>>> print(open('entry03.pdb').read())   # PDB, N, CA and C atoms
ATOM      1  N   ALA F1029       0.835  -1.191   0.000
ATOM      2  CA  ALA F1029       0.000   0.000   0.000
ATOM      3  C   ALA F1029       0.878   1.253   0.000
ATOM      4  N   ASN F1030       1.936   1.239   0.807
ATOM      5  CA  ASN F1030       2.821   2.407   0.866
ATOM      6  C   ASN F1030       3.521   2.636  -0.468
ATOM      7  N   ALA F1031       3.992   1.570  -1.084
ATOM      8  CA  ALA F1031       4.694   1.710  -2.364
ATOM      9  C   ALA F1031       3.751   2.261  -3.430
ATOM     10  N   ALA F1032       2.527   1.737  -3.472
ATOM     11  CA  ALA F1032       1.556   2.216  -4.462
ATOM     12  C   ALA F1032       1.249   3.688  -4.228
ATOM     13  N   HIS F1033       1.095   4.062  -2.966
ATOM     14  CA  HIS F1033       0.810   5.459  -2.648
ATOM     15  C   HIS F1033       1.979   6.361  -3.045
ATOM     16  N   GLU F1034       3.198   5.911  -2.805
ATOM     17  CA  GLU F1034       4.385   6.692  -3.153
ATOM     18  C   GLU F1034       4.529   6.855  -4.669
ATOM     19  N   LEU F1035       4.032   5.902  -5.433
ATOM     20  CA  LEU F1035       4.105   5.993  -6.898
ATOM     21  C   LEU F1035       3.048   6.941  -7.464
ATOM     22  N   LYS F1036       1.961   7.129  -6.756
ATOM     23  CA  LYS F1036       0.831   7.908  -7.267
ATOM     24  C   LYS F1036       1.225   9.356  -7.584
ATOM     25  N   THR F1037       1.947  10.021  -6.690
ATOM     26  CA  THR F1037       2.307  11.428  -6.897
ATOM     27  C   THR F1037       3.220  11.626  -8.101
ATOM     28  N   PRO F1038       4.330  10.895  -8.214
ATOM     29  CA  PRO F1038       5.167  11.116  -9.401
ATOM     30  C   PRO F1038       4.454  10.757 -10.700
ATOM     31  N   LEU F1039       3.594   9.752 -10.668
ATOM     32  CA  LEU F1039       2.846   9.407 -11.885
ATOM     33  C   LEU F1039       1.905  10.533 -12.280
ATOM     34  N   THR F1040       1.302  11.180 -11.302
ATOM     35  CA  THR F1040       0.415  12.309 -11.589
ATOM     36  C   THR F1040       1.202  13.478 -12.167
ATOM     37  N   VAL F1041       2.390  13.729 -11.640
ATOM     38  CA  VAL F1041       3.240  14.805 -12.155
ATOM     39  C   VAL F1041       3.639  14.506 -13.603
ATOM     40  N   ILE F1042       4.015  13.267 -13.878
ATOM     41  CA  ILE F1042       4.396  12.874 -15.237
ATOM     42  C   ILE F1042       3.201  13.021 -16.176
ATOM     43  N   LYS F1043       2.024  12.610 -15.723
ATOM     44  CA  LYS F1043       0.819  12.711 -16.557
ATOM     45  C   LYS F1043       0.539  14.169 -16.917
ATOM     46  N   THR F1044       0.667  15.053 -15.944
ATOM     47  CA  THR F1044       0.450  16.484 -16.201
ATOM     48  C   THR F1044       1.458  17.007 -17.211
ATOM     49  N   SER F1045       2.706  16.624 -17.067
ATOM     50  CA  SER F1045       3.748  17.046 -18.008
ATOM     51  C   SER F1045       3.466  16.542 -19.418
ATOM     52  N   MET F1046       2.991  15.300 -19.513
ATOM     53  CA  MET F1046       2.671  14.732 -20.829
ATOM     54  C   MET F1046       1.500  15.492 -21.469
ATOM     55  N   GLN F1047       0.534  15.897 -20.664
ATOM     56  CA  GLN F1047      -0.596  16.652 -21.191
ATOM     57  C   GLN F1047      -0.145  18.009 -21.720
ATOM     58  N   VAL F1048       0.787  18.646 -21.023
ATOM     59  CA  VAL F1048       1.319  19.925 -21.481
ATOM     60  C   VAL F1048       2.057  19.733 -22.808
ATOM     61  N   LEU F1049       2.863  18.684 -22.903
ATOM     62  CA  LEU F1049       3.572  18.403 -24.159
ATOM     63  C   LEU F1049       2.591  18.130 -25.298
ATOM     64  N   ARG F1050       1.524  17.440 -24.985
ATOM     65  CA  ARG F1050       0.533  17.098 -26.010
ATOM     66  C   ARG F1050      -0.162  18.343 -26.562
ATOM     67  N   MET F1051      -0.333  19.356 -25.727
ATOM     68  CA  MET F1051      -1.001  20.587 -26.147
ATOM     69  C   MET F1051      -0.090  21.486 -26.994
ATOM     70  N   ASP F1052       1.215  21.252 -26.944
ATOM     71  CA  ASP F1052       2.174  22.077 -27.690
ATOM     72  C   ASP F1052       2.156  21.680 -29.163
ATOM     73  N   GLU F1053       1.500  22.482 -29.967
ATOM     74  CA  GLU F1053       1.347  22.175 -31.393
ATOM     75  C   GLU F1053       2.631  22.383 -32.190
ATOM     76  N   SER F1054       3.637  22.991 -31.572
ATOM     77  CA  SER F1054       4.902  23.208 -32.288
ATOM     78  C   SER F1054       5.773  21.947 -32.313
ATOM     79  N   ASN F1055       5.398  20.924 -31.547
ATOM     80  CA  ASN F1055       6.155  19.666 -31.546
ATOM     81  C   ASN F1055       5.992  18.961 -32.890
ATOM     82  N   SER F1056       7.035  18.277 -33.290
ATOM     83  CA  SER F1056       6.990  17.525 -34.545
ATOM     84  C   SER F1056       6.019  16.352 -34.431
ATOM     85  N   GLU F1057       5.684  15.770 -35.559
ATOM     86  CA  GLU F1057       4.783  14.614 -35.571
ATOM     87  C   GLU F1057       5.374  13.458 -34.768
ATOM     88  N   GLY F1058       6.697  13.297 -34.857
ATOM     89  CA  GLY F1058       7.372  12.234 -34.110
ATOM     90  C   GLY F1058       7.249  12.431 -32.609
ATOM     91  N   VAL F1059       7.402  13.667 -32.171
ATOM     92  CA  VAL F1059       7.279  13.972 -30.745
ATOM     93  C   VAL F1059       5.835  13.746 -30.301
ATOM     94  N   GLN F1060       4.877  14.171 -31.111
ATOM     95  CA  GLN F1060       3.467  13.975 -30.768
ATOM     96  C   GLN F1060       3.138  12.483 -30.653
ATOM     97  N   LYS F1061       3.682  11.662 -31.560
ATOM     98  CA  LYS F1061       3.461  10.219 -31.519
ATOM     99  C   LYS F1061       4.073   9.632 -30.244
ATOM    100  N   PHE F1062       5.293  10.070 -29.931
ATOM    101  CA  PHE F1062       5.961   9.607 -28.709
ATOM    102  C   PHE F1062       5.129   9.960 -27.477
ATOM    103  N   VAL F1063       4.629  11.181 -27.425
ATOM    104  CA  VAL F1063       3.831  11.634 -26.286
ATOM    105  C   VAL F1063       2.551  10.796 -26.174
ATOM    106  N   ALA F1064       1.887  10.538 -27.293
ATOM    107  CA  ALA F1064       0.648   9.747 -27.279
ATOM    108  C   ALA F1064       0.923   8.322 -26.809
ATOM    109  N   ASP F1065       1.983   7.711 -27.321
ATOM    110  CA  ASP F1065       2.339   6.345 -26.910
ATOM    111  C   ASP F1065       2.705   6.287 -25.429
ATOM    112  N   THR F1066       3.474   7.265 -24.987
ATOM    113  CA  THR F1066       3.891   7.319 -23.589
ATOM    114  C   THR F1066       2.684   7.549 -22.682
ATOM    115  N   GLN F1067       1.753   8.383 -23.141
ATOM    116  CA  GLN F1067       0.532   8.642 -22.370
ATOM    117  C   GLN F1067      -0.265   7.359 -22.171
ATOM    118  N   GLN F1068      -0.365   6.534 -23.201
ATOM    119  CA  GLN F1068      -1.093   5.264 -23.081
ATOM    120  C   GLN F1068      -0.420   4.343 -22.066
ATOM    121  N   SER F1069       0.892   4.251 -22.141
ATOM    122  CA  SER F1069       1.625   3.409 -21.183
ATOM    123  C   SER F1069       1.475   3.951 -19.771
ATOM    124  N   LEU F1070       1.534   5.249 -19.634
ATOM    125  CA  LEU F1070       1.385   5.887 -18.329
ATOM    126  C   LEU F1070      -0.003   5.632 -17.749
ATOM    127  N   ASP F1071      -1.026   5.713 -18.589
ATOM    128  CA  ASP F1071      -2.388   5.449 -18.128
ATOM    129  C   ASP F1071      -2.536   4.015 -17.626
ATOM    130  N   ARG F1072      -1.909   3.059 -18.326
ATOM    131  CA  ARG F1072      -1.955   1.660 -17.873
ATOM    132  C   ARG F1072      -1.240   1.504 -16.527
ATOM    133  N   LEU F1073      -0.121   2.168 -16.377
ATOM    134  CA  LEU F1073       0.626   2.113 -15.122
ATOM    135  C   LEU F1073      -0.177   2.726 -13.976
ATOM    136  N   ILE F1074      -0.841   3.828 -14.240
ATOM    137  CA  ILE F1074      -1.680   4.464 -13.223
ATOM    138  C   ILE F1074      -2.824   3.527 -12.828
ATOM    139  N   GLN F1075      -3.430   2.859 -13.798
ATOM    140  CA  GLN F1075      -4.494   1.904 -13.503
ATOM    141  C   GLN F1075      -3.978   0.759 -12.631
ATOM    142  N   THR F1076      -2.774   0.290 -12.921
ATOM    143  CA  THR F1076      -2.175  -0.789 -12.129
ATOM    144  C   THR F1076      -1.952  -0.337 -10.691
ATOM    145  N   VAL F1077      -1.389   0.850 -10.512
ATOM    146  CA  VAL F1077      -1.131   1.375  -9.168
ATOM    147  C   VAL F1077      -2.449   1.592  -8.420
ATOM    148  N   THR F1078      -3.458   2.111  -9.119
ATOM    149  CA  THR F1078      -4.767   2.308  -8.502
ATOM    150  C   THR F1078      -5.356   0.963  -8.055
ATOM    151  N   GLY F1079      -5.186  -0.053  -8.881
ATOM    152  CA  GLY F1079      -5.645  -1.396  -8.527
ATOM    153  C   GLY F1079      -4.916  -1.947  -7.317
ATOM    154  N   LEU F1080      -3.623  -1.726  -7.266
ATOM    155  CA  LEU F1080      -2.837  -2.182  -6.112
ATOM    156  C   LEU F1080      -3.287  -1.478  -4.831
ATOM    157  N   MET F1081      -3.569  -0.187  -4.942
ATOM    158  CA  MET F1081      -4.031   0.556  -3.776
ATOM    159  C   MET F1081      -5.389   0.021  -3.310
ATOM    160  N   ALA F1082      -6.258  -0.314  -4.253
ATOM    161  CA  ALA F1082      -7.579  -0.859  -3.907
ATOM    162  C   ALA F1082      -7.436  -2.225  -3.239
ATOM    163  N   LEU F1083      -6.548  -3.058  -3.766
ATOM    164  CA  LEU F1083      -6.316  -4.374  -3.156
ATOM    165  C   LEU F1083      -5.770  -4.237  -1.742
ATOM    166  N   ALA F1084      -4.832  -3.333  -1.566
ATOM    167  CA  ALA F1084      -4.252  -3.121  -0.237
ATOM    168  C   ALA F1084      -5.307  -2.599   0.722
ATOM    169  N   ASP F1085      -6.163  -1.703   0.234
ATOM    170  CA  ASP F1085      -7.219  -1.142   1.067
ATOM    171  C   ASP F1085      -8.209  -2.232   1.475
ATOM    172  N   ASP F1086      -8.597  -3.085   0.532
ATOM    173  CA  ASP F1086      -9.502  -4.196   0.847
ATOM    174  C   ASP F1086      -8.870  -5.139   1.862
ATOM    175  N   SER F1087      -7.586  -5.397   1.693
ATOM    176  CA  SER F1087      -6.871  -6.297   2.594
ATOM    177  C   SER F1087      -6.819  -5.723   4.004
ATOM    178  N   ILE F1088      -6.623  -4.427   4.118
ATOM    179  CA  ILE F1088      -6.579  -3.774   5.430
ATOM    180  C   ILE F1088      -7.959  -3.825   6.078
ATOM    181  N   LYS F1089      -9.005  -3.530   5.303
ATOM    182  CA  LYS F1089     -10.369  -3.557   5.843
ATOM    183  C   LYS F1089     -10.735  -4.958   6.314
ATOM    184  N   THR F1090     -10.353  -5.969   5.545
ATOM    185  CA  THR F1090     -10.649  -7.353   5.914
ATOM    186  C   THR F1090      -9.928  -7.709   7.212
ATOM    187  N   ALA F1091      -8.681  -7.317   7.327
ATOM    188  CA  ALA F1091      -7.898  -7.629   8.528
ATOM    189  C   ALA F1091      -8.472  -6.930   9.760
ATOM    190  N   GLU F1092      -9.020  -5.734   9.593
ATOM    191  CA  GLU F1092      -9.573  -4.996  10.717
ATOM    192  C   GLU F1092     -10.833  -5.659  11.265
ATOM    193  N   HIS F1093     -11.575  -6.381  10.434
ATOM    194  CA  HIS F1093     -12.850  -6.943  10.835
ATOM    195  C   HIS F1093     -12.800  -8.458  11.017
ATOM    196  N   GLU F1094     -11.619  -9.006  10.999
ATOM    197  CA  GLU F1094     -11.495 -10.449  11.123
ATOM    198  C   GLU F1094     -11.771 -10.881  12.570
ATOM    199  N   VAL F1095     -12.600 -11.892  12.720
ATOM    200  CA  VAL F1095     -12.927 -12.415  14.048
ATOM    201  C   VAL F1095     -11.943 -13.542  14.356
ATOM    202  N   ILE F1096     -11.362 -13.476  15.543
ATOM    203  CA  ILE F1096     -10.383 -14.478  15.965
ATOM    204  C   ILE F1096     -10.951 -15.216  17.176
ATOM    205  N   ASN F1097     -11.014 -16.538  17.067
ATOM    206  CA  ASN F1097     -11.514 -17.367  18.164
ATOM    207  C   ASN F1097     -10.339 -17.699  19.088
ATOM    208  N   LEU F1098     -10.427 -17.312  20.324
ATOM    209  CA  LEU F1098      -9.319 -17.507  21.267
ATOM    210  C   LEU F1098      -9.500 -18.721  22.170
ATOM    211  N   LYS F1099     -10.366 -19.658  21.820
ATOM    212  CA  LYS F1099     -10.583 -20.868  22.645
ATOM    213  C   LYS F1099      -9.417 -21.786  22.622
TER
END
>>> encode(input="entry03.pdb", output="structure tokens")
Amino acid sequence: ANAAHELKTPLTVIKTSMQVLRMDESNSEGVQKFVADTQQSLDRLIQTVTGLMALADDSIKTAEHEVINLK
């Protein structure tokens, strides 16, 4: 959970930077293609990290409510 959370901020910063590059119409076609391809990979990575955070959150919630028989 901590690792996924630590990845979230830099991924968001990178995503914002990629969006700024994408809006720059002075970039060559090659640069625009690179930015689009990188954006797709970045989106998949963000989805993976979001999924990991959800799994960790579910795991924590389950552990908090687990009943333990002490007999």
>>> residues_around(input="entry03.pdb", residues="region 1075-1078 of chain F", least_positions_apart="3", cutoff="7 Å", atoms="only N, CA and C atoms", output="PDB file with N, CA and C atoms, keeping the file's coordinate frame")
ATOM      1  N   ALA F1032       2.527   1.737  -3.472  1.00  0.00           N
ATOM      2  CA  ALA F1032       1.556   2.216  -4.462  1.00  0.00           C
ATOM      3  C   ALA F1032       1.249   3.688  -4.228  1.00  0.00           C
ATOM      4  N   HIS F1033       1.095   4.062  -2.966  1.00  0.00           N
ATOM      5  CA  HIS F1033       0.810   5.459  -2.648  1.00  0.00           C
ATOM      6  C   HIS F1033       1.979   6.361  -3.045  1.00  0.00           C
ATOM      7  N   LYS F1036       1.961   7.129  -6.756  1.00  0.00           N
ATOM      8  CA  LYS F1036       0.831   7.908  -7.267  1.00  0.00           C
ATOM      9  C   LYS F1036       1.225   9.356  -7.584  1.00  0.00           C
ATOM     10  N   LEU F1070       1.534   5.249 -19.634  1.00  0.00           N
ATOM     11  CA  LEU F1070       1.385   5.887 -18.329  1.00  0.00           C
ATOM     12  C   LEU F1070      -0.003   5.632 -17.749  1.00  0.00           C
ATOM     13  N   ASP F1071      -1.026   5.713 -18.589  1.00  0.00           N
ATOM     14  CA  ASP F1071      -2.388   5.449 -18.128  1.00  0.00           C
ATOM     15  C   ASP F1071      -2.536   4.015 -17.626  1.00  0.00           C
ATOM     16  N   ARG F1072      -1.909   3.059 -18.326  1.00  0.00           N
ATOM     17  CA  ARG F1072      -1.955   1.660 -17.873  1.00  0.00           C
ATOM     18  C   ARG F1072      -1.240   1.504 -16.527  1.00  0.00           C
ATOM     19  N   MET F1081      -3.569  -0.187  -4.942  1.00  0.00           N
ATOM     20  CA  MET F1081      -4.031   0.556  -3.776  1.00  0.00           C
ATOM     21  C   MET F1081      -5.389   0.021  -3.310  1.00  0.00           C
ATOM     22  N   ALA F1082      -6.258  -0.314  -4.253  1.00  0.00           N
ATOM     23  CA  ALA F1082      -7.579  -0.859  -3.907  1.00  0.00           C
ATOM     24  C   ALA F1082      -7.436  -2.225  -3.239  1.00  0.00           C
ATOM     25  N   LEU F1083      -6.548  -3.058  -3.766  1.00  0.00           N
ATOM     26  CA  LEU F1083      -6.316  -4.374  -3.156  1.00  0.00           C
ATOM     27  C   LEU F1083      -5.770  -4.237  -1.742  1.00  0.00           C
TER      28      LEU F1083
END
>>> atom_distance(input="entry03.pdb", atom1="CA of Leu1035 (chain F)", atom2="CA of Thr1066 (chain F)")
16.7 Å
>>> atom_distance(input="entry03.pdb", atom1="CA of Thr1040 (chain F)", atom2="CA of Val1059 (chain F)")
20.4 Å
>>> closest_residue(input="entry03.pdb", among="F:Asn1097, F:Pro1038, F:Gln1047, F:Leu1080", to="Ala1064 (chain F)", atoms="only C-alpha atoms")
F:Gln1047
>>> atom_distance(input="entry03.pdb", atom1="CA of Lys1043 (chain F)", atom2="CA of Gln1067 (chain F)")
7.1 Å
>>> axis_aligned_box(input="entry03.pdb", around="region 1048-1052 of chain F", padding_each_side="5 Å", output="lines of an AutoDock Vina configuration file")
center_x = 1.3
center_y = 19.6
center_z = -25.1
size_x = 14.6
size_y = 15.0
size_z = 18.1
>>> select_by_dssp(input="entry03.pdb", residues="region 1051-1083 of chain F", states="helix (DSSP H, G or I)", output="list in words")
Met1051, Glu1057, Gly1058, Val1059, Gln1060, Lys1061, Phe1062, Val1063, Ala1064, Asp1065, Thr1066, Gln1067, Gln1068, Ser1069, Leu1070, Asp1071, Arg1072, Leu1073, Ile1074, Gln1075, Thr1076, Val1077, Thr1078, Gly1079, Leu1080, Met1081, Ala1082 and Leu1083 of chain F
